[in-house]
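Chemist: Dropping in upload_25.txt, with compact mmCIF, C-alpha atoms.
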# COMPACT_ATOMS: atom_id res chain seq x y z
CA MET D 379 4.41 -34.85 -17.70
CA LYS D 380 1.22 -36.86 -18.09
CA GLU D 381 0.92 -36.97 -14.33
CA LEU D 382 1.12 -33.16 -14.19
CA LEU D 383 -1.48 -32.76 -16.93
CA ASP D 384 -3.83 -35.19 -15.21
CA PHE D 385 -3.41 -33.29 -11.96
CA TRP D 386 -4.15 -30.02 -13.74
CA ILE D 387 -7.22 -31.40 -15.46
CA GLU D 388 -8.44 -32.87 -12.20
CA SER D 389 -8.09 -29.57 -10.34
CA THR D 390 -9.44 -27.36 -13.13
CA PRO D 391 -13.06 -27.22 -11.85
CA ASN D 392 -11.91 -26.03 -8.40
CA LEU D 393 -9.56 -23.43 -9.81
CA LEU D 394 -12.17 -22.21 -12.29
CA ASP D 395 -14.60 -21.74 -9.39
CA GLY D 396 -11.89 -19.69 -7.71
CA LEU D 397 -11.23 -17.68 -10.85
CA ILE D 398 -14.93 -16.88 -11.14
CA VAL D 399 -14.98 -15.62 -7.55
CA SER D 400 -11.87 -13.52 -8.29
CA LEU D 401 -13.51 -12.02 -11.37
CA GLN D 402 -16.79 -11.38 -9.56
CA VAL D 403 -15.15 -9.65 -6.64
CA THR D 404 -12.99 -7.59 -9.05
CA ALA D 405 -16.10 -6.54 -10.99
CA VAL D 406 -17.93 -5.47 -7.82
CA ILE D 407 -14.86 -3.60 -6.56
CA LEU D 408 -14.48 -1.71 -9.83
CA ALA D 409 -18.20 -1.00 -10.12
CA ILE D 410 -18.17 0.59 -6.67
CA GLY D 411 -14.64 1.96 -6.60
CA ILE D 412 -14.48 3.86 -9.89
CA PRO D 413 -17.66 5.97 -9.35
CA PHE D 414 -16.35 6.83 -5.88
CA GLY D 415 -13.01 7.63 -7.48
CA LEU D 416 -14.80 10.11 -9.73
CA LEU D 417 -16.56 11.66 -6.71
CA LEU D 418 -13.26 11.93 -4.83
CA ALA D 419 -11.56 13.46 -7.87
CA LEU D 420 -14.26 16.15 -7.96
CA GLY D 421 -14.25 16.43 -4.15
CA VAL D 422 -10.54 17.16 -3.94
CA GLU D 423 -11.02 20.11 -6.32
CA SER D 424 -14.09 21.32 -4.46
CA LYS D 425 -14.28 24.81 -2.94
CA ASN D 426 -16.19 23.53 0.09
CA LYS D 427 -13.52 23.04 2.78
CA PHE D 428 -15.18 20.04 4.42
CA THR D 429 -15.67 18.18 1.13
CA LYS D 430 -12.12 18.98 0.11
CA TRP D 431 -10.46 17.77 3.32
CA PHE D 432 -12.67 14.72 3.61
CA SER D 433 -11.82 13.71 0.03
CA LEU D 434 -8.12 14.34 0.58
CA PHE D 435 -8.21 12.21 3.73
CA ALA D 436 -10.01 9.35 1.96
CA VAL D 437 -7.55 9.47 -0.94
CA GLU D 438 -4.41 9.67 1.19
CA VAL D 439 -5.46 6.83 3.51
CA GLY D 440 -6.67 4.68 0.63
CA ARG D 441 -3.35 5.12 -1.18
CA GLY D 442 -1.06 5.34 1.80
CA ALA D 443 -2.01 2.19 3.68
CA PRO D 444 -1.21 -1.18 2.08
CA ALA D 445 -4.24 -2.91 0.55
CA LEU D 446 -3.53 -5.88 2.80
CA VAL D 447 -3.76 -3.73 5.94
CA LEU D 448 -7.00 -2.12 4.73
CA LEU D 449 -8.37 -5.59 4.08
CA GLN D 450 -7.45 -6.91 7.50
CA PHE D 451 -8.72 -3.72 9.06
CA ALA D 452 -12.10 -4.36 7.45
CA TYR D 453 -12.16 -8.04 8.36
CA PHE D 454 -10.49 -8.21 11.79
CA GLY D 455 -10.68 -4.58 12.88
CA LEU D 456 -14.39 -3.83 12.53
CA PRO D 457 -15.94 -6.78 14.45
CA PRO D 458 -14.77 -5.44 17.86
CA VAL D 459 -16.79 -2.26 17.23
CA GLY D 460 -19.83 -4.28 16.25
CA ILE D 461 -19.57 -4.39 12.45
CA THR D 462 -19.02 -7.94 11.25
CA LEU D 463 -18.42 -8.31 7.54
CA SER D 464 -18.26 -11.47 5.49
CA SER D 465 -14.96 -12.08 3.73
CA PHE D 466 -16.59 -11.01 0.46
CA SER D 467 -17.88 -7.69 1.78
CA ALA D 468 -14.66 -7.00 3.69
CA THR D 469 -12.69 -7.53 0.47
CA VAL D 470 -15.07 -5.30 -1.48
CA LEU D 471 -14.99 -2.56 1.17
CA ALA D 472 -11.19 -2.49 1.49
CA LEU D 473 -10.27 -2.87 -2.16
CA ALA D 474 -13.04 -0.54 -3.39
CA TRP D 475 -11.63 2.12 -1.07
CA ASN D 476 -8.18 1.42 -2.48
CA THR D 477 -9.60 1.60 -6.02
CA ALA D 478 -11.44 4.86 -5.33
CA ALA D 479 -8.27 6.46 -3.98
CA TYR D 480 -6.08 5.41 -6.92
CA THR D 481 -8.62 5.99 -9.67
CA SER D 482 -9.43 9.44 -8.29
CA GLU D 483 -5.85 10.43 -9.16
CA ILE D 484 -6.11 8.82 -12.59
CA ILE D 485 -9.41 10.57 -13.31
CA ARG D 486 -8.08 13.88 -12.00
CA ALA D 487 -5.13 13.63 -14.38
CA GLY D 488 -7.59 12.92 -17.20
CA ILE D 489 -9.73 15.93 -16.29
CA ASP D 490 -6.64 18.14 -16.04
CA ALA D 491 -5.71 17.10 -19.57
CA VAL D 492 -8.86 18.75 -20.93
CA PRO D 493 -7.79 22.18 -22.25
CA HIS D 494 -9.04 25.12 -20.22
CA GLY D 495 -10.53 26.68 -23.35
CA GLU D 496 -13.10 23.90 -23.46
CA LYS D 497 -14.47 25.03 -20.10
CA GLU D 498 -14.41 28.68 -21.12
CA ALA D 499 -16.24 27.85 -24.33
CA ALA D 500 -18.87 25.95 -22.36
CA ALA D 501 -19.24 28.88 -19.94
CA SER D 502 -19.61 31.34 -22.79
CA MET D 503 -22.40 29.17 -24.18
CA CYS D 504 -24.21 29.44 -20.83
CA PHE D 505 -23.67 25.83 -19.84
CA SER D 506 -24.33 25.25 -16.17
CA LYS D 507 -21.47 23.80 -14.10
CA ILE D 508 -23.05 20.35 -14.06
CA ASP D 509 -23.66 20.42 -17.80
CA THR D 510 -20.10 21.56 -18.48
CA LEU D 511 -18.86 18.62 -16.47
CA ARG D 512 -21.26 16.15 -18.00
CA PHE D 513 -21.12 17.09 -21.66
CA VAL D 514 -17.71 18.73 -22.07
CA VAL D 515 -15.15 17.83 -19.41
CA LEU D 516 -15.95 14.25 -18.41
CA PRO D 517 -16.38 12.70 -21.87
CA GLN D 518 -12.94 13.99 -22.87
CA GLY D 519 -11.26 13.48 -19.52
CA LEU D 520 -12.48 9.92 -19.08
CA ARG D 521 -11.31 9.04 -22.56
CA VAL D 522 -7.82 10.16 -21.62
CA ALA D 523 -8.08 8.19 -18.37
CA ALA D 524 -9.43 5.00 -19.97
CA PRO D 525 -6.15 3.14 -20.63
CA ALA D 526 -4.85 3.89 -17.13
CA LEU D 527 -8.16 2.78 -15.62
CA LEU D 528 -8.00 -0.50 -17.51
CA GLY D 529 -4.41 -0.94 -16.38
CA PHE D 530 -5.57 -0.40 -12.83
CA ALA D 531 -8.35 -2.97 -13.29
CA VAL D 532 -5.65 -5.52 -14.16
CA LEU D 533 -3.79 -4.65 -10.96
CA MET D 534 -7.02 -4.97 -9.00
CA LEU D 535 -7.64 -8.49 -10.29
CA GLN D 536 -4.19 -9.34 -8.96
CA ALA D 537 -4.88 -7.56 -5.69
CA THR D 538 -7.91 -9.76 -5.04
CA SER D 539 -5.37 -12.51 -4.33
CA LEU D 540 -4.83 -10.69 -1.02
CA SER D 541 -8.27 -11.84 0.10
CA PHE D 542 -6.60 -15.22 0.60
CA THR D 543 -5.81 -13.83 4.06
CA VAL D 544 -9.51 -13.45 4.90
CA ALA D 545 -10.40 -16.89 3.51
CA LEU D 546 -12.38 -15.75 0.49
CA PRO D 547 -12.44 -18.80 -1.83
CA GLU D 548 -10.85 -17.03 -4.80
CA LEU D 549 -8.20 -18.39 -7.16
CA THR D 550 -5.16 -18.10 -4.89
CA SER D 551 -7.00 -19.60 -1.90
CA GLN D 552 -8.30 -22.49 -3.98
CA ALA D 553 -4.82 -23.21 -5.28
CA HIS D 554 -3.40 -23.01 -1.78
CA ILE D 555 -6.06 -25.38 -0.42
CA ILE D 556 -5.38 -27.94 -3.16
CA GLY D 557 -1.65 -27.49 -2.61
CA SER D 558 -1.88 -28.10 1.11
CA SER D 559 -3.92 -31.28 0.67
CA THR D 560 -1.87 -32.81 -2.16
CA PHE D 561 1.53 -31.21 -1.41
CA LYS D 562 1.89 -30.49 -5.12
CA TYR D 563 2.32 -26.78 -4.43
CA MET D 564 4.52 -26.05 -7.42
CA ALA D 565 2.13 -27.63 -9.92
CA ILE D 566 -1.05 -26.07 -8.61
CA LEU D 567 0.33 -22.60 -7.84
CA SER D 568 1.88 -22.32 -11.29
CA TYR D 569 -1.41 -23.40 -12.81
CA ALA D 570 -3.12 -20.60 -10.90
CA GLY D 571 -0.40 -18.25 -12.16
CA ILE D 572 -1.16 -19.32 -15.74
CA MET D 573 -4.85 -18.57 -15.14
CA TYR D 574 -4.10 -15.05 -13.86
CA ALA D 575 -1.66 -14.48 -16.72
CA SER D 576 -4.14 -15.68 -19.34
CA ILE D 577 -6.42 -12.82 -18.33
CA CYS D 578 -3.88 -10.17 -17.39
CA ILE D 579 -1.52 -10.51 -20.36
CA PRO D 580 -4.17 -9.87 -23.06
CA ALA D 581 -5.55 -7.03 -20.92
CA THR D 582 -2.09 -5.48 -20.56
CA ILE D 583 -1.57 -5.70 -24.33
CA LEU D 584 -4.97 -4.07 -24.82
CA VAL D 585 -3.90 -1.22 -22.54
CA SER D 586 -0.84 -0.46 -24.67
CA VAL D 587 -2.92 -0.67 -27.86
CA LEU D 588 -5.44 1.77 -26.38
CA GLU D 589 -2.64 4.12 -25.35
CA LYS D 590 -1.30 4.14 -28.90
CA GLN D 591 -4.80 4.72 -30.32
CA LEU D 592 -5.32 7.62 -27.97
CA GLY D 593 -1.95 9.10 -28.88
CA LYS D 594 -3.10 9.35 -32.50
CA HIS D 595 -5.91 11.81 -31.94
CA THR D 596 -5.00 13.87 -28.95
CA ILE D 597 -7.48 16.41 -27.72
CA MET T 812 -2.31 -3.34 26.45
CA LYS T 813 -1.79 -0.24 24.32
CA ALA T 814 1.96 -0.24 24.90
CA GLU T 815 2.13 -3.87 23.85
CA ILE T 816 0.48 -3.10 20.50
CA PHE T 817 2.74 -0.12 20.00
CA THR T 818 6.00 -1.99 20.60
CA SER T 819 4.89 -5.01 18.60
CA ILE T 820 4.24 -2.92 15.51
CA LEU T 821 7.42 -0.90 16.01
CA LEU T 822 9.33 -4.21 16.05
CA GLY T 823 7.94 -4.97 12.62
CA ILE T 824 9.28 -1.76 11.07
CA PRO T 825 12.90 -2.99 10.54
CA TRP T 826 11.59 -6.08 8.72
CA THR T 827 9.34 -4.00 6.50
CA ILE T 828 12.22 -1.66 5.65
CA ALA T 829 14.59 -4.58 5.03
CA LEU T 830 12.04 -6.28 2.75
CA THR T 831 11.58 -3.08 0.76
CA LEU T 832 15.29 -2.27 0.44
CA VAL T 833 16.45 -5.78 -0.45
CA SER T 834 13.72 -6.43 -2.99
CA PHE T 835 14.26 -2.98 -4.52
CA GLY T 836 18.00 -3.71 -4.69
CA ILE T 837 17.38 -7.00 -6.48
CA GLY T 838 14.90 -5.40 -8.85
CA ALA T 839 16.96 -2.28 -9.58
CA ILE T 840 20.00 -4.40 -10.52
CA LEU T 841 18.12 -7.11 -12.41
CA GLY T 842 16.17 -4.41 -14.25
CA ILE T 843 19.35 -3.14 -15.98
CA PRO T 844 20.06 -6.25 -18.13
CA ILE T 845 16.34 -6.59 -18.85
CA CYS T 846 16.17 -3.00 -20.06
CA ALA T 847 19.33 -3.56 -22.12
CA MET T 848 17.70 -6.63 -23.71
CA ARG T 849 14.56 -4.63 -24.38
CA LEU T 850 16.63 -2.08 -26.34
CA SER T 851 18.75 -4.71 -28.05
CA LYS T 852 19.22 -5.08 -31.80
CA PHE T 853 18.29 -8.75 -31.64
CA SER T 854 14.58 -9.41 -31.82
CA ALA T 855 14.90 -12.65 -29.81
CA LEU T 856 16.37 -10.77 -26.83
CA ARG T 857 13.75 -8.03 -27.18
CA PHE T 858 11.04 -10.67 -27.18
CA ILE T 859 12.39 -12.42 -24.06
CA ALA T 860 12.59 -9.14 -22.15
CA HIS T 861 9.10 -8.17 -23.27
CA LEU T 862 7.74 -11.55 -22.21
CA TYR T 863 9.48 -11.28 -18.84
CA GLY T 864 7.78 -7.94 -18.24
CA LEU T 865 4.38 -9.23 -19.30
CA VAL T 866 4.55 -12.39 -17.20
CA PHE T 867 5.86 -10.83 -14.01
CA ARG T 868 3.39 -7.99 -14.16
CA SER T 869 0.51 -10.41 -14.74
CA ILE T 870 0.99 -12.82 -11.85
CA PRO T 871 -0.10 -11.45 -8.47
CA PRO T 872 2.98 -10.83 -6.27
CA LEU T 873 1.32 -12.83 -3.50
CA LEU T 874 1.02 -15.88 -5.76
CA LEU T 875 4.61 -15.43 -6.91
CA VAL T 876 5.84 -15.42 -3.33
CA PHE T 877 3.76 -18.56 -2.69
CA ILE T 878 5.24 -20.28 -5.74
CA ILE T 879 8.73 -19.53 -4.47
CA TYR T 880 8.05 -20.30 -0.82
CA PHE T 881 5.76 -23.32 -1.06
CA GLY T 882 6.53 -24.52 -4.59
CA ILE T 883 10.30 -24.21 -4.86
CA GLY T 884 10.92 -24.01 -1.12
CA ALA T 885 9.08 -27.22 -0.29
CA GLY T 886 10.39 -29.54 -2.95
CA PHE T 887 13.64 -28.38 -4.43
CA LEU T 888 15.54 -25.93 -2.26
CA LYS T 889 15.27 -24.70 1.27
CA ILE T 890 14.06 -21.11 1.05
CA GLY T 891 13.12 -19.10 4.12
CA PRO T 892 10.12 -16.75 4.19
CA PHE T 893 12.28 -13.61 3.98
CA GLN T 894 14.30 -14.89 1.03
CA ALA T 895 11.17 -16.08 -0.78
CA SER T 896 9.50 -12.70 -0.30
CA VAL T 897 12.44 -10.61 -1.49
CA ILE T 898 13.01 -12.88 -4.50
CA GLY T 899 9.33 -12.70 -5.46
CA LEU T 900 9.04 -8.96 -4.97
CA GLY T 901 12.47 -8.46 -6.56
CA LEU T 902 11.40 -10.25 -9.75
CA VAL T 903 8.28 -8.08 -10.02
CA THR T 904 10.35 -4.96 -9.26
CA ALA T 905 12.83 -5.89 -12.00
CA ALA T 906 9.99 -5.99 -14.54
CA ASN T 907 8.77 -2.55 -13.48
CA MET T 908 12.21 -0.98 -13.08
CA SER T 909 13.22 -2.09 -16.59
CA GLU T 910 10.24 -0.08 -17.86
CA ILE T 911 11.31 2.94 -15.79
CA TYR T 912 14.87 2.68 -17.17
CA ARG T 913 13.52 2.35 -20.70
CA GLY T 914 11.49 5.50 -20.24
CA GLY T 915 14.62 7.21 -18.91
CA VAL T 916 16.79 6.15 -21.85
CA SER T 917 14.23 7.41 -24.34
CA ALA T 918 14.09 10.74 -22.47
CA ILE T 919 17.81 11.33 -23.01
CA HIS T 920 18.37 13.35 -26.12
CA ASN T 921 20.04 11.59 -29.02
CA GLY T 922 22.48 14.49 -29.26
CA GLN T 923 24.03 13.40 -25.98
CA TRP T 924 25.09 10.08 -27.50
CA GLU T 925 26.32 11.80 -30.63
CA ALA T 926 28.26 14.41 -28.65
CA ALA T 927 29.89 11.73 -26.50
CA ARG T 928 30.93 9.88 -29.63
CA ALA T 929 32.11 13.06 -31.32
CA LEU T 930 34.36 13.76 -28.33
CA ALA T 931 35.83 10.27 -28.86
CA LEU T 932 35.05 9.27 -25.30
CA PRO T 933 35.77 5.61 -24.67
CA GLY T 934 32.73 3.33 -24.36
CA TYR T 935 32.62 3.07 -20.57
CA SER T 936 33.08 6.81 -20.15
CA ARG T 937 30.25 7.48 -22.58
CA TYR T 938 27.95 5.55 -20.26
CA LEU T 939 29.42 6.47 -16.87
CA ASP T 940 30.12 10.17 -17.39
CA VAL T 941 27.51 11.22 -19.91
CA ILE T 942 24.48 8.95 -19.96
CA TYR T 943 24.38 7.50 -16.46
CA PRO T 944 24.11 10.78 -14.47
CA GLN T 945 21.25 11.91 -16.67
CA LEU T 946 19.55 8.54 -16.48
CA LEU T 947 19.75 8.58 -12.70
CA ARG T 948 18.16 12.00 -12.59
CA VAL T 949 15.37 11.10 -15.03
CA CYS T 950 14.54 7.81 -13.31
CA LEU T 951 14.67 9.11 -9.74
CA PRO T 952 11.14 10.47 -9.31
CA SER T 953 9.40 7.42 -10.77
CA SER T 954 11.74 5.08 -8.86
CA ALA T 955 10.90 6.83 -5.59
CA GLY T 956 7.23 6.46 -6.37
CA TYR T 957 7.83 2.80 -7.04
CA VAL T 958 9.70 2.30 -3.76
CA ILE T 959 6.73 3.72 -1.86
CA GLY T 960 4.45 1.30 -3.71
CA LEU T 961 6.85 -1.54 -2.96
CA LEU T 962 6.86 -0.63 0.74
CA LYS T 963 3.14 -1.28 0.77
CA ASP T 964 3.42 -4.41 -1.39
CA SER T 965 5.97 -5.78 1.09
CA ALA T 966 3.03 -6.43 3.43
CA ILE T 967 2.34 -9.61 1.47
CA ALA T 968 5.48 -11.10 3.04
CA SER T 969 3.43 -11.36 6.24
CA THR T 970 1.40 -14.16 4.63
CA VAL T 971 4.43 -16.46 4.55
CA GLY T 972 5.46 -15.48 8.06
CA VAL T 973 7.96 -12.61 7.88
CA ALA T 974 7.47 -10.67 11.13
CA ASP T 975 6.87 -7.31 9.46
CA ILE T 976 4.35 -4.61 10.39
CA ALA T 977 1.37 -6.38 8.82
CA PHE T 978 2.30 -9.72 10.40
CA ASN T 979 2.64 -8.27 13.90
CA ALA T 980 -0.57 -6.30 13.44
CA ASN T 981 -2.38 -9.49 12.47
CA GLN T 982 -1.01 -11.34 15.49
CA MET T 983 -1.91 -8.48 17.83
CA ALA T 984 -5.43 -8.22 16.41
CA ARG T 985 -6.00 -11.91 17.02
CA THR T 986 -4.63 -11.93 20.56
CA THR T 987 -5.90 -8.59 21.91
CA TYR T 988 -9.14 -8.38 19.91
CA GLN T 989 -8.52 -4.67 19.39
CA GLY T 990 -8.25 -4.85 15.61
CA LEU T 991 -9.45 -1.32 15.08
CA GLU T 992 -6.57 0.36 16.90
CA VAL T 993 -4.05 -2.21 15.77
CA PHE T 994 -4.68 -1.90 12.04
CA ALA T 995 -5.18 1.86 12.18
CA PHE T 996 -1.78 2.13 13.84
CA ALA T 997 -0.22 -0.28 11.33
CA GLY T 998 -1.62 1.79 8.45
CA VAL T 999 -0.20 4.96 10.00
CA ALA T 1000 3.19 3.24 10.41
CA TYR T 1001 3.34 2.49 6.67
CA MET T 1002 2.39 6.06 5.82
CA VAL T 1003 4.95 7.49 8.23
CA ILE T 1004 7.72 5.42 6.65
CA SER T 1005 6.78 6.53 3.17
CA ILE T 1006 6.94 10.24 4.02
CA PRO T 1007 10.75 10.44 4.45
CA ILE T 1008 11.22 8.49 1.20
CA ALA T 1009 9.11 11.06 -0.64
CA ILE T 1010 10.93 13.99 0.99
CA LEU T 1011 14.40 12.52 0.31
CA ALA T 1012 13.50 11.88 -3.31
CA ARG T 1013 12.29 15.45 -3.70
CA ILE T 1014 15.48 16.88 -2.17
CA ALA T 1015 17.67 14.63 -4.33
CA ASP T 1016 15.68 15.60 -7.38
CA ARG T 1017 16.10 19.30 -6.67
CA LYS T 1018 19.85 18.94 -6.07
CA MET T 1019 20.36 16.97 -9.24
CA LYS T 1020 18.20 19.33 -11.26
CA SER T 1021 20.57 22.18 -10.41
CA ARG T 1022 23.62 20.15 -11.45
CA ILE T 1023 22.37 18.10 -14.37
CA ALA T 1024 20.22 19.81 -16.92
CA ILE T 1025 18.36 17.85 -19.53
Kindly transcribe the structure held in the file into C-alpha cells.

Modeler:
Amino acid sequence: MKELLDFWIESTPNLLDGLIVSLQVTAVILAIGIPFGLLLALGVESKNKFTKWFSLFAVEVGRGAPALVLLQFAYFGLPPVGITLSSFSATVLALAWNTAAYTSEIIRAGIDAVPHGEKEAAASMCFSKIDTLRFVVLPQGLRVAAPALLGFAVLMLQATSLSFTVALPELTSQAHIIGSSTFKYMAILSYAGIMYASICIPATILVSVLEKQLGKHTI
Amino acid sequence: MKAEIFTSILLGIPWTIALTLVSFGIGAILGIPICAMRLSKFSALRFIAHLYGLVFRSIPPLLLVFIIYFGIGAGFLKIGPFQASVIGLGLVTAANMSEIYRGGVSAIHNGQWEAARALALPGYSRYLDVIYPQLLRVCLPSSAGYVIGLLKDSAIASTVGVADIAFNANQMARTTYQGLEVFAFAGVAYMVISIPIAILARIADRKMKSRIAI
C-alpha cells in the first residue's frame, strides 16, 4: 500500500501537468464550440436555403462521425492536402466541431422551450428580430439549456482523452507514458481515473442540482 | 489504391457492429439490476447504484478500456483487445441504460401496478405481462439513440488494436498517405450504419405505439 502511495505521489506532478492540458484544451474547445453551436442552431432555422443546408450538413457530420474519426481526420487527413495542424489545434478543431454540432441541438431545444407568445409580445412592441433574439429569446432559452450544456462540458473533458491518439500530452497520454515505462499500468491508469472523476463527479452533481433549480421556476 | 481503402474499411464494419452489439448487450442486461438497486427500499443499495452511475459516467471510456486492457490484462488476467473493449464499453452502457430504465419505470402510471395487483396477477406475470411491454416501448427511443452513440464510441476500441473501421482507417492513412479520403470514407461508413438503426427503431416504435398505449 505504501509502495502504491509513493508511486502515486511520485507521478503526481506529471499527471497534474496532463490534467492541466486536458482542462485547457477542454476550455478552448468549449469557448469555440458553443458560440458556433449557437450559430448553427440559428442557421438550421434560417430561411436562407444555403445557410440552412450548410448548417444541417455541419451538424449532421459533426454528430454522425465518431469524435475519434474527426480527430484523426484533422490530424492525419489534412496534411496530405497541405494543412498541417499541431496535435493541440487538431484536437481543438475536431472536438470543437463535435461540440458545435451537439450543443446546437441543445441550444435549439432551449430556444424551442421559449413560449411563442414571448416572440409575439416582442414583435408587438416593435422589437427588431435581432433585439427579440438578444433580449427575449436567448436569455430564456440559454437558461433552459444551461444544465445540458454543463453536462456536455463534462462529456467533452472526457472526450479530450481521445487526443491520446494524436500524442497530445494530456492526462490519459501522461498516464499511458508512465505506465509503459514502469509497467505499473493498473496503478497509474486508476490514478488518472480518480483525477477525471474528481472533476466530473462534482460537475455531474452540479448538473442535477441545476436541473432541479430550473424545474422550480419554469418559464 | 482506392479499392484497397474501400475494402479495408468495409472489413472493419463487422468488428464495429460486433463491438456495438456485444457491449450494448452487456450494458442492457447489467443495467437491469442496477436500476432495480436504484429503486430499492434499502438506502445502501440505492447509494451503491448511484455511485456506480456517477463513477462510470465520470471516467472517460477510453481510460476505462485502458485500465481493463493494460491494467487488468497485463498483470492479473489475460484479456484480449476485443474483450477489454466490450467490457469497458459495457460497464459505461450499464450506467447509462440503468438511467434510461429508471426514466421508463417512472413514466409508467402507478395505476398499472395497482390494476395488476387488483387483478391478483402473480408477481412474475405483473412484471412480464403488464409492466415489461410498456417499459420496452417507453425505453426504446432513448435506447436506440444510445446505441447510435455507442456505435461511435466503439471507435475507441481501435486504440487497443481491435480491427474496426477506425483502426483500419488509421492503418490505411498511415500506409497510403491519403488520409483525407480514408477518414471521410470512414466517417461516412459510421453514418451509414447508424441510419438503419434509426429507421428500425422508428418502425418498432410506431408498431408498438399502435399495440401498447400508455

Chemist: Between atom CA of Ala474 of chain D and atom CA of Ile566 of chain D, what distance in Å does the model show, to one decimal?

Modeler: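 Computed distance, atom CA of Ala474 of chain D to atom CA of Ile566 of chain D, equals 28.7 Å.
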
Chemist: Pick out the chain T residues within 10 Å of chain D. Count only C-alpha atoms. Give them as JSON, numbers by chain.

Modeler: {"T": [862, 864, 865, 866, 867, 868, 869, 870, 871, 872, 873, 874, 875, 877, 878, 879, 880, 881, 882, 883, 884, 885, 886, 887, 959, 960, 961, 962, 963, 964, 965, 966, 967, 969, 970, 976, 977, 978, 980, 981, 984, 985, 988, 989, 990, 991, 992, 993, 994, 995, 997, 998, 999, 1000, 1001, 1002, 1003, 1005, 1006]}

Chemist: Between T:Ala968, T:Ala839, T:Ile816, T:Leu888, which has the minimum distance to Ser954 of chain T (counting only C-alpha atoms)?

Modeler: T:Ala839

Chemist: Find the residues near segment 827-838 of chain T: any atom within 8 Å, counting all atoms listed in the file, skip ones fewer than 5 places away on the same chain, and give them as a list in words.

Modeler: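 Listing them by chain and then by number gives Phe893, Ser896, Val897, Ile898, Leu900, Gly901, Leu902, Val903, Thr904, Ala905, Ala906, Met908, Val958, Leu961, Leu962, Ser965, Ala966, Asp975 and Ile976 of chain T.
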
Chemist: May I ask for the distance between atom CA of Asp490 of chain D and atom CA of Ala478 of chain D, given in Å to one decimal place?

Modeler: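 Distance between the two atoms: 17.7 Å.
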
Chemist: May I ask for the distance between atom CA of Val522 of chain D and atom CA of Ser482 of chain D, given in Å to one decimal place?

Modeler: 13.4 Å

Chemist: From the list D:Leu416, D:Thr404, D:Ala409, D:Lys427, which residue is nearest Leu516 of chain D when using only C-alpha atoms?

Modeler: D:Leu416

Chemist: Write out as a VMD selection string the residues lying within 12 Å of segment 506-511 of chain D, counting only C-alpha atoms and excluding same-chain residues fewer than 3 positions away.

Modeler: chain D and resid 416 420 489 492 494 to 503 514 to 520

Chemist: Counting only C-alpha atoms, which residues sit no farther than 12 Å from the position (-4.6, 3.6, -25.0) in the file's frame? I'd like them as a list in words.

Modeler: Leu520, Arg521, Val522, Ala523, Ala524, Pro525, Ala526, Leu527, Leu528, Gly529, Ala581, Thr582, Ile583, Leu584, Val585, Ser586, Val587, Leu588, Glu589, Lys590, Gln591, Leu592, Gly593, Lys594, His595 and Thr596 of chain D

Chemist: With a distance cut-off of 10 Å and only C-alpha atoms, select the neighbouring residues of Gly415 of chain D, excluding the residue or stretch itself and same-chain residues fewer than 6 positions from it, and output the selection as number ranges by chain.

Modeler: D: 408, 421, 433, 437, 474-486

Chemist: What lies within 10 Å of Met848 of chain T using all atoms listed in the file, ignoring chain neighbours under 4 positions off, as a list in words?

Modeler: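 Here the answer would be Gly842, Ile843, Pro844, Lys852, Phe853, Ser854, Ala855, Leu856, Arg857, Phe858, Ile859, Ala860, His861 and Ser909 of chain T.
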
Chemist: Which residues are close to Glu815 of chain T, i.e. within 10 Å by all atoms listed in the file, leaving aside same-chain residues fewer than 6 positions away? Reply as a PyMOL selection string.

Modeler: chain T and resi 821+983+987

Chemist: Please output segment 473-484 of chain D, rebuilt to include N, CA and C atoms, as a tab-separated table (two decimals), in the coordinates of the input.

Modeler:
chain	number	residue	atom	x	y	z
D	473	LEU	N	-10.87	-3.08	-0.85
D	473	LEU	CA	-10.27	-2.87	-2.16
D	473	LEU	C	-11.02	-1.80	-2.95
D	474	ALA	N	-12.32	-1.62	-2.70
D	474	ALA	CA	-13.04	-0.54	-3.39
D	474	ALA	C	-12.54	0.81	-2.88
D	475	TRP	N	-12.22	0.90	-1.61
D	475	TRP	CA	-11.63	2.12	-1.07
D	475	TRP	C	-10.29	2.40	-1.75
D	476	ASN	N	-9.47	1.33	-1.80
D	476	ASN	CA	-8.18	1.42	-2.48
D	476	ASN	C	-8.36	1.89	-3.92
D	477	THR	N	-9.33	1.26	-4.62
D	477	THR	CA	-9.60	1.60	-6.02
D	477	THR	C	-10.02	3.06	-6.14
D	478	ALA	N	-10.95	3.48	-5.26
D	478	ALA	CA	-11.44	4.86	-5.33
D	478	ALA	C	-10.29	5.83	-5.18
D	479	ALA	N	-9.38	5.54	-4.23
D	479	ALA	CA	-8.27	6.46	-3.98
D	479	ALA	C	-7.34	6.54	-5.20
D	480	TYR	N	-6.99	5.40	-5.77
D	480	TYR	CA	-6.08	5.41	-6.92
D	480	TYR	C	-6.75	5.98	-8.16
D	481	THR	N	-8.00	5.52	-8.43
D	481	THR	CA	-8.62	5.99	-9.67
D	481	THR	C	-8.95	7.48	-9.59
D	482	SER	N	-9.15	8.01	-8.36
D	482	SER	CA	-9.43	9.44	-8.29
D	482	SER	C	-8.25	10.23	-8.86
D	483	GLU	N	-7.02	9.74	-8.60
D	483	GLU	CA	-5.85	10.43	-9.16
D	483	GLU	C	-5.79	10.27	-10.67
D	484	ILE	N	-6.14	9.06	-11.15
D	484	ILE	CA	-6.11	8.82	-12.59
D	484	ILE	C	-7.14	9.72	-13.28
